[in-house]
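Q: Handing you this structure, nothing more for now.
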Amino acid sequence: MRKVNFRFAVIALGLSVMLAMPAGPLAEYAAAQTQPAGAATPMQVPQPQANSVNWPGAGYGVGALFCNVLYIPAKLVYAILGGIVGGGTYLVTAGNSQAANTVWRSSLGGDYVVTPQMLAGQEPINFSGPTETPPAGPATSSSSGSVAPIAPLPQAGSSASASSPGGGQPLDHGSGPAGAGVPNSDIE
């Protein structure tokens, strides 16, 4: 009984709000939805002459319908398996997101539906997504999973001192194994 009263109250409230609104904004909103302001071309697809049928367009539409009966399930299976393989790639490569993204981009990308324009040859059919990796921008952060490049070590004649940590100089300067040439050394 309370559900009926609640529904009645919601409907009555909605009707009262609609009746309280002036008709001007609603009419303007409806007109804007059918014809945008400043649009020179109509939003509809151009129709053929009176009493004629666009047979090529109808044929491509029916062809796209029949193609999608097989294409959509095949694409979904490919995408699901690619998602699983990409996850396995991520695990096998110890968290290498670039390798996993390559698999995911190619399997999850592409077109999921064949359109009449694709059958007419106006647009390409892309079953698979792009396989190349996008160029890395200069503003890559370490949180995105990318690895920062390692700076090269300075040359031996550079101004870096051996006493500074990471100065690029070996600690023993190539004098051989520890204790070599030292009398009474127990190291063998």
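Within each chain, counting starts at residue 1; across the structure tokens, chains are named A, B, ... in the order shown, with ligands numbered 1 upward in that order.
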Excluding A:Leu108 and any residue of its chain fewer than 4 positions from it, enumerate the residues within 12 Å of it, using only C-alpha atoms, and give them as a PyMOL selection string.

A: chain A and resi 75-86+100-104+112+126-131

Q: Let me see the file: selected residues, N, CA and C atoms, as a PDB file, in the first residue's frame.

A:
```pdb
ATOM      1  N   LYS A  75      35.020 -10.774 -32.637  1.00  0.00           N
ATOM      2  CA  LYS A  75      35.785  -9.669 -32.072  1.00  0.00           C
ATOM      3  C   LYS A  75      35.757  -9.725 -30.545  1.00  0.00           C
ATOM      4  N   LEU A  76      34.616 -10.059 -29.959  1.00  0.00           N
ATOM      5  CA  LEU A  76      34.529 -10.148 -28.499  1.00  0.00           C
ATOM      6  C   LEU A  76      35.409 -11.273 -27.957  1.00  0.00           C
ATOM      7  N   VAL A  77      35.431 -12.417 -28.633  1.00  0.00           N
ATOM      8  CA  VAL A  77      36.295 -13.518 -28.196  1.00  0.00           C
ATOM      9  C   VAL A  77      37.759 -13.101 -28.306  1.00  0.00           C
ATOM     10  N   TYR A  78      38.110 -12.432 -29.401  1.00  0.00           N
ATOM     11  CA  TYR A  78      39.485 -11.961 -29.598  1.00  0.00           C
ATOM     12  C   TYR A  78      39.868 -10.962 -28.510  1.00  0.00           C
ATOM     13  N   ALA A  79      38.965 -10.053 -28.180  1.00  0.00           N
ATOM     14  CA  ALA A  79      39.265  -9.041 -27.160  1.00  0.00           C
ATOM     15  C   ALA A  79      39.397  -9.669 -25.778  1.00  0.00           C
ATOM     16  N   ILE A  80      38.526 -10.592 -25.446  1.00  0.00           N
ATOM     17  CA  ILE A  80      38.588 -11.229 -24.127  1.00  0.00           C
ATOM     18  C   ILE A  80      39.869 -12.059 -23.991  1.00  0.00           C
ATOM     19  N   LEU A  81      40.183 -12.847 -25.015  1.00  0.00           N
ATOM     20  CA  LEU A  81      41.413 -13.638 -24.959  1.00  0.00           C
ATOM     21  C   LEU A  81      42.645 -12.739 -24.949  1.00  0.00           C
ATOM     22  N   GLY A  82      42.605 -11.643 -25.695  1.00  0.00           N
ATOM     23  CA  GLY A  82      43.723 -10.702 -25.681  1.00  0.00           C
ATOM     24  C   GLY A  82      43.893 -10.039 -24.333  1.00  0.00           C
ATOM     25  N   GLY A  83      42.783  -9.762 -23.651  1.00  0.00           N
ATOM     26  CA  GLY A  83      42.881  -9.204 -22.305  1.00  0.00           C
ATOM     27  C   GLY A  83      43.518 -10.180 -21.336  1.00  0.00           C
ATOM     28  N   ILE A  84      43.181 -11.450 -21.486  1.00  0.00           N
ATOM     29  CA  ILE A  84      43.765 -12.472 -20.614  1.00  0.00           C
ATOM     30  C   ILE A  84      45.246 -12.669 -20.931  1.00  0.00           C
ATOM     31  N   VAL A  85      45.580 -12.734 -22.221  1.00  0.00           N
ATOM     32  CA  VAL A  85      46.978 -12.907 -22.619  1.00  0.00           C
ATOM     33  C   VAL A  85      47.800 -11.686 -22.209  1.00  0.00           C
ATOM     34  N   GLY A  86      47.232 -10.490 -22.320  1.00  0.00           N
ATOM     35  CA  GLY A  86      47.941  -9.292 -21.884  1.00  0.00           C
ATOM     36  C   GLY A  86      48.208  -9.315 -20.387  1.00  0.00           C
ATOM     37  N   ALA A 100      52.681  -5.545 -21.862  1.00  0.00           N
ATOM     38  CA  ALA A 100      51.262  -5.860 -21.690  1.00  0.00           C
ATOM     39  C   ALA A 100      50.385  -4.887 -22.469  1.00  0.00           C
ATOM     40  N   ASN A 101      50.743  -3.605 -22.475  1.00  0.00           N
ATOM     41  CA  ASN A 101      49.950  -2.615 -23.209  1.00  0.00           C
ATOM     42  C   ASN A 101      49.981  -2.875 -24.707  1.00  0.00           C
ATOM     43  N   THR A 102      51.083  -3.400 -25.223  1.00  0.00           N
ATOM     44  CA  THR A 102      51.150  -3.730 -26.638  1.00  0.00           C
ATOM     45  C   THR A 102      50.140  -4.815 -26.976  1.00  0.00           C
ATOM     46  N   VAL A 103      50.036  -5.834 -26.139  1.00  0.00           N
ATOM     47  CA  VAL A 103      49.059  -6.901 -26.361  1.00  0.00           C
ATOM     48  C   VAL A 103      47.643  -6.360 -26.192  1.00  0.00           C
ATOM     49  N   TRP A 104      47.417  -5.586 -25.145  1.00  0.00           N
ATOM     50  CA  TRP A 104      46.075  -5.054 -24.898  1.00  0.00           C
ATOM     51  C   TRP A 104      45.645  -4.091 -25.995  1.00  0.00           C
ATOM     52  N   TYR A 112      34.465  -2.791 -33.271  1.00  0.00           N
ATOM     53  CA  TYR A 112      33.637  -3.864 -32.722  1.00  0.00           C
ATOM     54  C   TYR A 112      32.375  -4.092 -33.557  1.00  0.00           C
ATOM     55  N   ASN A 126      38.973  -2.325 -39.117  1.00  0.00           N
ATOM     56  CA  ASN A 126      40.133  -2.608 -38.269  1.00  0.00           C
ATOM     57  C   ASN A 126      39.743  -3.635 -37.221  1.00  0.00           C
ATOM     58  N   PHE A 127      40.026  -4.907 -37.504  1.00  0.00           N
ATOM     59  CA  PHE A 127      39.724  -5.953 -36.528  1.00  0.00           C
ATOM     60  C   PHE A 127      40.646  -5.843 -35.337  1.00  0.00           C
ATOM     61  N   SER A 128      41.898  -5.517 -35.579  1.00  0.00           N
ATOM     62  CA  SER A 128      42.898  -5.401 -34.522  1.00  0.00           C
ATOM     63  C   SER A 128      43.284  -3.943 -34.365  1.00  0.00           C
ATOM     64  N   GLY A 129      43.700  -3.589 -33.175  1.00  0.00           N
ATOM     65  CA  GLY A 129      44.138  -2.230 -32.909  1.00  0.00           C
ATOM     66  C   GLY A 129      45.578  -2.029 -33.341  1.00  0.00           C
ATOM     67  N   PRO A 130      46.134  -0.846 -33.080  1.00  0.00           N
ATOM     68  CA  PRO A 130      47.519  -0.577 -33.479  1.00  0.00           C
ATOM     69  C   PRO A 130      48.489  -1.411 -32.660  1.00  0.00           C
ATOM     70  N   THR A 131      49.559  -1.859 -33.308  1.00  0.00           N
ATOM     71  CA  THR A 131      50.556  -2.667 -32.599  1.00  0.00           C
ATOM     72  C   THR A 131      51.757  -1.845 -32.164  1.00  0.00           C
TER      73      THR A 131
END
```

Q: Tell me, in Å to one decimal, how far atom CA of A:Asn51 is from atom CA of A:Thr115.

A: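 Separation between atom CA of A:Asn51 and atom CA of A:Thr115: 25.8 Å.
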
Q: Determine, counting only C-alpha atoms, which protein, DNA and RNA residues have an atom within 12 Å of an atom of A:Ala120; residues of the same chain fewer than 6 positions away are not included. Present the result as a list in words.

A: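 So the residues in contact are Pro56, Gly57, Ala58, Gly59, Tyr60, Gly61, Gly63, Ala64 and Val114 of chain A.
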
Q: When you count only C-alpha atoms, which of these residues is closest to A:Phe66: A:Asn5, A:Val113, A:Glu123, A:Val10?

A: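 Closest residue, counting only C-alpha atoms: A:Val113.
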
Q: I'd like to know which of A:Val53, A:Thr93, A:Tyr71, A:Glu132 is closest to A:Arg105, using only C-alpha atoms.

A: A:Glu132

Q: Kindly indicate which residue among A:Leu91, A:Ala99, A:Cys67, A:Ala74 lies nearest to A:Leu119, using only C-alpha atoms for the distances.

A: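 Looking only at the distances to A:Leu119, the closest residue turns out to be A:Cys67.
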
Q: Between atom CA of A:Ile72 and atom CA of A:Gly87, what is the spacing in Å?

A: 22.5 Å
